[in-house]
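Chemist: This is the structure I have questions about; it appears just below.
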Amino acid sequence: MHGLVNRAIQCFVRDTYSPESWERLARLSDLPASGFEAMFVYDDAVTARMLETAEHLLGKTRETLLEDIGTYLVSHENVQALRRLLRFGGETFLEFLQSIDDVPRRAHLAIPDLELPSIDVIGIEENTFHIGCTWKQAGFGHVLVGMLRTLADDYGALVLLDHQGEDGGVETISIQILHDEFSAGRPFQLAAEAHS
Amino acid sequence: MTQDASFNLGDDARDALLPMHVRLSETGQILHLGPTLAKLRRGRPLLGEDLFNVFRLRRPLGVRAFSELQEFRHKRLQFQFIDPPETMLNGMMVADDATGSVLLHLSFGTSLLEAIQDYDLHLPDFAPTDPSIEMLYLMEAKAIVLDEWRRLNLRLQSAKIAAEEQAFTDTLTGLKNRRALDHVLDRLVAAGEAFGLIHLDLDFFKQVNDTLGHAAGDHVLQVASDVMVRTTRAQDTLARAGGDEFVIVLPGTVDHDHLLNLSERLISQLEVPIPYGNDVCRISGSAGITVSHGGAKKVADLLAEADQALYASKERGRGCATLYRPGMAQISAAPQPLQKGAAAGR
């Protein structure tokens with residue numbers, strides 16, 4: 001697994017719970033004591049071990065844990081960069097959803113060795129989008145639910161989200177857009193504030 | 001030239017396809033502006049203005065009037081706004097046969113990021129076919145990646161420094177080791193700096209080791225190191241050259257009396273009995289001193305001189321310091337009876 005993914009989970013535990021929680025998780029699941037390097041690639045077993053231990057340590061089901069990670073990725077101030085990169089996907093949430101399959105492709109442009117799930121719009125009926133998510137590690141769909149729910153807020157859209165389970169390695173998420181421009185959302189400027 | 005009506009685009013269609021175009025009269029007057037370009041000069045209506053009153057032409061060089069620009073149709077042009085913000089724009093000019101005017105299409109080249117900040121541009125300001133948004137996305141993503149690499153490099157750099165520090169440190173005493181000593185001496189000699197060098201050998205250390213064991217010996221070495229650290233300055237190099245042998249390098253210190261005094265002070269402090277459990281360890285030290293005035297003396301020569309001076313101290317009965325003098329080797333070669341005990345003095 002790419003270090004960025006492992007680091008994201010590490011930062012989620014550190015920022016949402018506490019640095020001590022991360023230390024305990026690292027000790028219990030035999031992770032690098034100094035944390036993950038974002039630019040290294042780690043064995044997949046490391047990530048699996050970490051998630052399993054985190055479930056017990058934080059007292060959450062796998063689904064809730066993954067969804068919380070998704071929420072964290074889009075909303076926490078320590079990972080603003082990712083939220084910004086996602087907002088390049090469209091001017092409104094509807095526009096973003098319509099081009100959601102670009103998300104992994106764009107990420108691949110920036111970091112060619114970052115493997116991400118493939119995400120596709122597999123059906124649209126009235127205001128409801130069905131999104132298919134395929135990955136070697138099952139469960140990413142729940143991360144995506146957390147991300148989309150928070151991103152909809154970020155855009156100011158009012159939506160209903162539902163993870164509809166997995167079939168043949170494809171997880172399906174349905175998103176009903178009740179109001180694309182329900183509130184002002186959070187502002188987004190194309191140019192980032194001066195880089196440090 | 002025959003005209004195909006299907007290529008006859010109105011301003012609306014052009015605005016959508018090329019939001020940064022200008023339609024010009026044959027004399028270079030601005031007849032129409034695309035919506036994004038209009039946004040760049042919000043405070044100033046540009047319709048009817050001469051192109052060359054709004055822009056300075058950067059490329060091709062040497063063109064001063066619009067009439068001279070005609071032969072550069074279909075060529076790479078570069079403009080810059082005359083008024084601030086002086087954004088640079090890449091462009092190409094073509095004949096607009098339908099209206100008999102000239103079409104100039106502009107785009108942000110390397111000024112993209114600046115322009116977005118200066119003019120508060122958003123996604124709809126760019127045509128969907130324009131790769132500028134992808135470029136912005138990549139610039140931002142790459143900046144993040146680069147930042148991660150930079151931080152990784154910093155961490156590796158500090159780890160490297162720590163590892164080097166370890167490789168140059170004698171783990172028992174915390175003083176420098178032989179490798180570090182060689183480095184320091186090579187550097188001082190290469191730089192032609194003057195310095196003093198004391199070769200110090202602990203006396204009766206073997207007896208401590210033999211009678212009270214290695215742990216006692218280690219303790220004595222640590223106490224002796226503390227004595228040296230206390231007696232010398234921060235800029236001096238203290239090295240454990242091996243076993244019970246130490247070398248002290250004192251940059252800038254070449255005064256004979258000073259070096260002899262320092263050595264004697266060191267020796268008398270080494271002679272203070274060292275408690276170890278229920279026992280007391282008694283040691284002393286012998287020193288050989290030499291100096292370099294930054295001439296052609298090699299490191300090996302200096303060490304050999306200090307060694308000869310040390311040998312002379314041992315010959316004189318230990319517990320004393322001797323300054324190297326040329327011709328010493330012959331003198332000290334003559335065997336002298338060893339005196340018992342640790343006697344101070346030159």
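Please note that chains go A, B, ... in the order of the structure tokens, that every chain numbers its residues from 1, and that ligands are numbered from 1 in the order shown.
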I need the residues in chain A that are strand (DSSP E) according to DSSP; give them as number ranges by chain.
Modeler: A: 118-125, 128-134, 158-167, 170-179
Chemist: I need the chain B residues near chain A as a list of chain:residue names; criterion: at most 9 Å, counting only C-alpha atoms.
Modeler: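 Residues of chain B within 9 Å of chain A, counting only C-alpha atoms: B:Leu113, B:Glu114, B:Ile116, B:Gln117, B:Asp120, B:Leu121, B:His122, B:Leu123, B:Pro124, B:Ile133, B:Glu134, B:Leu136, B:Tyr137, B:Leu138, B:Met139, B:Glu140, B:Ala141, B:Lys142, B:Ala143, B:Ile144, B:Val145, B:Glu148, B:Trp149, B:Leu152.
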Chemist: Limited to N, CA, C and O atoms, could you put the picked residues into a file as a tab-separated table (two decimals), in the first residue's frame?
Modeler:
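As a result, result_37.tsv now contains:
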chain	number	residue	atom	x	y	z
B	113	LEU	N	-0.80	30.98	-12.55
B	113	LEU	CA	-1.09	31.01	-11.12
B	113	LEU	C	-1.25	32.45	-10.61
B	113	LEU	O	-2.17	32.77	-9.87
B	114	GLU	N	-0.33	33.30	-11.07
B	114	GLU	CA	-0.38	34.72	-10.70
B	114	GLU	C	-1.70	35.35	-11.13
B	114	GLU	O	-2.34	36.09	-10.37
B	116	ILE	N	-4.56	33.96	-11.72
B	116	ILE	CA	-5.72	33.48	-10.96
B	116	ILE	C	-5.84	34.22	-9.64
B	116	ILE	O	-6.93	34.54	-9.18
B	117	GLN	N	-4.67	34.50	-9.03
B	117	GLN	CA	-4.69	35.26	-7.79
B	117	GLN	C	-5.07	36.72	-8.04
B	117	GLN	O	-5.89	37.29	-7.32
B	120	ASP	N	-8.92	36.76	-9.47
B	120	ASP	CA	-9.95	35.93	-8.85
B	120	ASP	C	-10.73	35.14	-9.90
B	120	ASP	O	-11.95	35.29	-10.04
B	121	LEU	N	-10.05	34.33	-10.65
B	121	LEU	CA	-10.70	33.52	-11.69
B	121	LEU	C	-11.20	32.21	-11.10
B	121	LEU	O	-10.66	31.71	-10.13
B	122	HIS	N	-12.25	31.67	-11.72
B	122	HIS	CA	-12.86	30.42	-11.24
B	122	HIS	C	-13.00	29.45	-12.39
B	122	HIS	O	-12.77	29.80	-13.55
B	123	LEU	N	-13.43	28.22	-12.04
B	123	LEU	CA	-13.56	27.18	-13.06
B	123	LEU	C	-14.31	27.65	-14.32
B	123	LEU	O	-13.84	27.40	-15.43
B	124	PRO	N	-15.47	28.33	-14.18
B	124	PRO	CA	-16.21	28.70	-15.39
B	124	PRO	C	-15.49	29.73	-16.27
B	124	PRO	O	-15.92	29.97	-17.41
B	133	ILE	N	-6.82	24.02	-15.94
B	133	ILE	CA	-7.26	23.52	-14.63
B	133	ILE	C	-6.45	22.29	-14.24
B	133	ILE	O	-6.03	22.15	-13.09
B	134	GLU	N	-6.20	21.42	-15.22
B	134	GLU	CA	-5.36	20.25	-14.95
B	134	GLU	C	-3.96	20.69	-14.53
B	134	GLU	O	-3.34	20.11	-13.66
B	136	LEU	N	-3.18	23.54	-13.05
B	136	LEU	CA	-3.25	24.05	-11.67
B	136	LEU	C	-3.28	22.91	-10.66
B	136	LEU	O	-2.59	22.92	-9.65
B	137	TYR	N	-4.10	21.91	-11.00
B	137	TYR	CA	-4.24	20.76	-10.13
B	137	TYR	C	-2.88	20.09	-9.95
B	137	TYR	O	-2.45	19.79	-8.84
B	138	LEU	N	-2.18	19.90	-11.08
B	138	LEU	CA	-0.87	19.25	-11.02
B	138	LEU	C	0.15	20.08	-10.26
B	138	LEU	O	0.94	19.55	-9.48
B	139	MET	N	0.13	21.40	-10.49
B	139	MET	CA	1.07	22.27	-9.78
B	139	MET	C	0.89	22.12	-8.28
B	139	MET	O	1.85	22.02	-7.52
B	140	GLU	N	-0.39	22.10	-7.88
B	140	GLU	CA	-0.67	22.02	-6.45
B	140	GLU	C	-0.30	20.64	-5.89
B	140	GLU	O	0.34	20.54	-4.84
B	141	ALA	N	-0.66	19.59	-6.64
B	141	ALA	CA	-0.35	18.23	-6.18
B	141	ALA	C	1.17	18.03	-6.12
B	141	ALA	O	1.70	17.47	-5.16
B	142	LYS	N	1.86	18.53	-7.13
B	142	LYS	CA	3.32	18.35	-7.16
B	142	LYS	C	4.00	19.13	-6.03
B	142	LYS	O	5.00	18.68	-5.48
B	143	ALA	N	3.44	20.28	-5.71
B	143	ALA	CA	4.01	21.07	-4.61
B	143	ALA	C	3.91	20.29	-3.30
B	143	ALA	O	4.83	20.29	-2.48
B	144	ILE	N	2.78	19.58	-3.14
B	144	ILE	CA	2.58	18.80	-1.92
B	144	ILE	C	3.58	17.64	-1.88
B	144	ILE	O	4.21	17.37	-0.86
B	145	VAL	N	3.71	16.98	-3.04
B	145	VAL	CA	4.63	15.84	-3.12
B	145	VAL	C	6.06	16.29	-2.85
B	145	VAL	O	6.81	15.67	-2.09
B	148	GLU	N	6.70	16.83	0.72
B	148	GLU	CA	6.89	15.56	1.44
B	148	GLU	C	8.33	15.07	1.26
B	148	GLU	O	8.97	14.63	2.20
B	149	TRP	N	8.81	15.13	0.03
B	149	TRP	CA	10.20	14.70	-0.23
B	149	TRP	C	11.18	15.55	0.55
B	149	TRP	O	12.15	15.05	1.10
B	152	LEU	N	11.17	14.47	4.07
B	152	LEU	CA	11.83	13.17	4.19
B	152	LEU	C	13.36	13.38	4.16
B	152	LEU	O	14.09	12.80	4.95
Chemist: Taking the DSSP assignment computed from this structure's backbone, write out as a short mmCIF file (atom, residue, chain, number, x, y, z; two decimals) with N, CA and C atoms, in the first residue's frame all residues of stretch 185-306 of chain B that belong to alpha helix (DSSP H).
Modeler:
data_model
loop_
_atom_site.label_atom_id
_atom_site.label_comp_id
_atom_site.auth_asym_id
_atom_site.auth_seq_id
_atom_site.Cartn_x
_atom_site.Cartn_y
_atom_site.Cartn_z
N LEU B 185 42.91 15.94 13.02
CA LEU B 185 44.32 16.24 12.77
C LEU B 185 44.56 16.53 11.29
N ASP B 186 43.97 15.72 10.42
CA ASP B 186 44.14 15.95 8.97
C ASP B 186 43.66 17.35 8.60
N ARG B 187 42.53 17.74 9.18
CA ARG B 187 41.96 19.03 8.83
C ARG B 187 42.85 20.18 9.31
N LEU B 188 43.33 20.06 10.56
CA LEU B 188 44.19 21.12 11.11
C LEU B 188 45.49 21.23 10.32
N VAL B 189 46.09 20.09 9.99
CA VAL B 189 47.36 20.11 9.26
C VAL B 189 47.14 20.67 7.86
N ALA B 190 46.06 20.22 7.21
CA ALA B 190 45.77 20.69 5.85
C ALA B 190 45.52 22.20 5.84
N PHE B 205 46.84 1.46 35.00
CA PHE B 205 45.47 1.09 34.61
C PHE B 205 45.34 -0.43 34.52
N LYS B 206 46.39 -1.06 34.01
CA LYS B 206 46.37 -2.52 33.85
C LYS B 206 46.17 -3.21 35.19
N GLN B 207 46.81 -2.66 36.24
CA GLN B 207 46.66 -3.25 37.58
C GLN B 207 45.20 -3.19 38.04
N VAL B 208 44.53 -2.02 37.76
CA VAL B 208 43.11 -1.89 38.16
C VAL B 208 42.31 -2.98 37.46
N ASN B 209 42.51 -3.10 36.18
CA ASN B 209 41.80 -4.10 35.38
C ASN B 209 42.04 -5.51 35.89
N ASP B 210 43.31 -5.79 36.19
CA ASP B 210 43.68 -7.15 36.59
C ASP B 210 43.17 -7.50 37.98
N THR B 211 43.20 -6.55 38.92
CA THR B 211 42.83 -6.88 40.29
C THR B 211 41.34 -6.68 40.56
N LEU B 212 40.74 -5.61 39.97
CA LEU B 212 39.33 -5.33 40.30
C LEU B 212 38.36 -5.66 39.17
N HIS B 214 37.15 -5.76 34.78
CA HIS B 214 36.95 -4.82 33.66
C HIS B 214 35.95 -3.72 33.98
N ALA B 215 34.94 -4.05 34.80
CA ALA B 215 33.95 -3.04 35.13
C ALA B 215 34.62 -1.88 35.86
N ALA B 216 35.56 -2.22 36.78
CA ALA B 216 36.31 -1.18 37.49
C ALA B 216 37.16 -0.39 36.50
N GLY B 217 37.78 -1.12 35.57
CA GLY B 217 38.60 -0.47 34.53
C GLY B 217 37.77 0.51 33.73
N ASP B 218 36.55 0.08 33.33
CA ASP B 218 35.67 0.97 32.55
C ASP B 218 35.32 2.22 33.36
N HIS B 219 35.04 2.00 34.64
CA HIS B 219 34.70 3.13 35.50
C HIS B 219 35.86 4.13 35.56
N VAL B 220 37.07 3.60 35.72
CA VAL B 220 38.26 4.46 35.79
C VAL B 220 38.42 5.25 34.49
N LEU B 221 38.17 4.59 33.36
CA LEU B 221 38.30 5.29 32.07
C LEU B 221 37.28 6.44 31.98
N GLN B 222 36.09 6.19 32.51
CA GLN B 222 35.06 7.23 32.46
C GLN B 222 35.43 8.41 33.36
N VAL B 223 35.94 8.09 34.55
CA VAL B 223 36.34 9.16 35.47
C VAL B 223 37.49 9.97 34.85
N ALA B 224 38.44 9.25 34.26
CA ALA B 224 39.59 9.93 33.63
C ALA B 224 39.12 10.84 32.50
N SER B 225 38.10 10.39 31.74
CA SER B 225 37.57 11.20 30.65
C SER B 225 36.94 12.48 31.19
N ASP B 226 36.19 12.32 32.30
CA ASP B 226 35.57 13.49 32.91
C ASP B 226 36.62 14.52 33.32
N VAL B 227 37.73 14.01 33.90
CA VAL B 227 38.83 14.90 34.30
C VAL B 227 39.32 15.69 33.10
N MET B 228 39.50 15.00 31.97
CA MET B 228 40.01 15.67 30.76
C MET B 228 39.01 16.71 30.25
N VAL B 229 37.71 16.34 30.26
CA VAL B 229 36.69 17.28 29.77
C VAL B 229 36.71 18.54 30.64
N ARG B 230 36.83 18.34 31.97
CA ARG B 230 36.81 19.48 32.89
C ARG B 230 38.03 20.37 32.73
N THR B 231 39.15 19.77 32.38
CA THR B 231 40.42 20.50 32.36
C THR B 231 40.67 21.23 31.03
N HIS B 256 54.69 26.35 25.21
CA HIS B 256 55.24 25.16 25.89
C HIS B 256 54.85 25.09 27.35
N ASP B 257 55.07 26.20 28.07
CA ASP B 257 54.79 26.20 29.51
C ASP B 257 53.31 25.92 29.77
N HIS B 258 52.48 26.54 28.95
CA HIS B 258 51.04 26.34 29.12
C HIS B 258 50.68 24.87 28.96
N LEU B 259 51.23 24.25 27.93
CA LEU B 259 50.91 22.84 27.66
C LEU B 259 51.44 21.94 28.78
N LEU B 260 52.65 22.26 29.27
CA LEU B 260 53.22 21.45 30.36
C LEU B 260 52.38 21.61 31.64
N ASN B 261 52.01 22.85 31.92
CA ASN B 261 51.16 23.12 33.09
C ASN B 261 49.86 22.36 33.04
N LEU B 262 49.22 22.45 31.86
CA LEU B 262 47.94 21.78 31.67
C LEU B 262 48.09 20.28 31.90
N SER B 263 49.14 19.70 31.31
CA SER B 263 49.36 18.26 31.44
C SER B 263 49.58 17.88 32.90
N GLU B 264 50.34 18.70 33.61
CA GLU B 264 50.61 18.38 35.02
C GLU B 264 49.34 18.48 35.86
N ARG B 265 48.51 19.49 35.53
CA ARG B 265 47.25 19.61 36.24
C ARG B 265 46.39 18.37 36.01
N LEU B 266 46.37 17.94 34.76
CA LEU B 266 45.60 16.75 34.40
C LEU B 266 46.09 15.53 35.19
N ILE B 267 47.41 15.37 35.19
CA ILE B 267 48.00 14.19 35.85
C ILE B 267 47.69 14.21 37.34
N SER B 268 47.83 15.38 37.97
CA SER B 268 47.61 15.40 39.42
C SER B 268 46.14 15.11 39.73
N GLN B 269 45.23 15.50 38.83
CA GLN B 269 43.82 15.16 39.07
C GLN B 269 43.53 13.69 38.83
N LEU B 270 44.28 13.10 37.89
CA LEU B 270 44.11 11.66 37.65
C LEU B 270 44.58 10.86 38.87
N VAL B 299 50.88 14.56 9.94
CA VAL B 299 50.16 14.03 11.09
C VAL B 299 50.96 12.89 11.72
N ALA B 300 51.46 12.00 10.86
CA ALA B 300 52.20 10.84 11.39
C ALA B 300 53.44 11.29 12.15
N ASP B 301 54.13 12.34 11.65
CA ASP B 301 55.32 12.86 12.33
C ASP B 301 54.95 13.38 13.71
N LEU B 302 53.86 14.14 13.75
CA LEU B 302 53.43 14.74 15.02
C LEU B 302 53.11 13.66 16.05
N LEU B 303 52.38 12.64 15.59
CA LEU B 303 52.02 11.57 16.51
C LEU B 303 53.28 10.84 16.99
N ALA B 304 54.23 10.67 16.09
CA ALA B 304 55.48 10.00 16.46
C ALA B 304 56.25 10.83 17.47
N GLU B 305 56.26 12.16 17.30
CA GLU B 305 56.94 13.05 18.24
C GLU B 305 56.31 12.97 19.63
N ALA B 306 54.97 13.04 19.64
CA ALA B 306 54.27 12.97 20.92
C ALA B 306 54.54 11.64 21.59
#
Chemist: Could you please determine the separation between atom CA of A:Gln137 and atom CA of A:Ile119 in Å, to one decimal place?
Modeler: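 Computed distance, atom CA of A:Gln137 to atom CA of A:Ile119, equals 13.6 Å.
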Chemist: Closest to A:Tyr72 among A:Phe140, A:Phe129, A:Phe12, A:Tyr155, using only C-alpha atoms?
Modeler: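 Selected residue with least distance to A:Tyr72: A:Phe12.
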Chemist: How many Å separate atom CA of B:Phe72 from atom CA of B:His21?
Modeler: 16.8 Å
Chemist: What gap, in Å, lies between atom CA of B:Thr36 and atom CA of A:Ala152?
Modeler: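 Distance reported for this atom pair: 27.8 Å.
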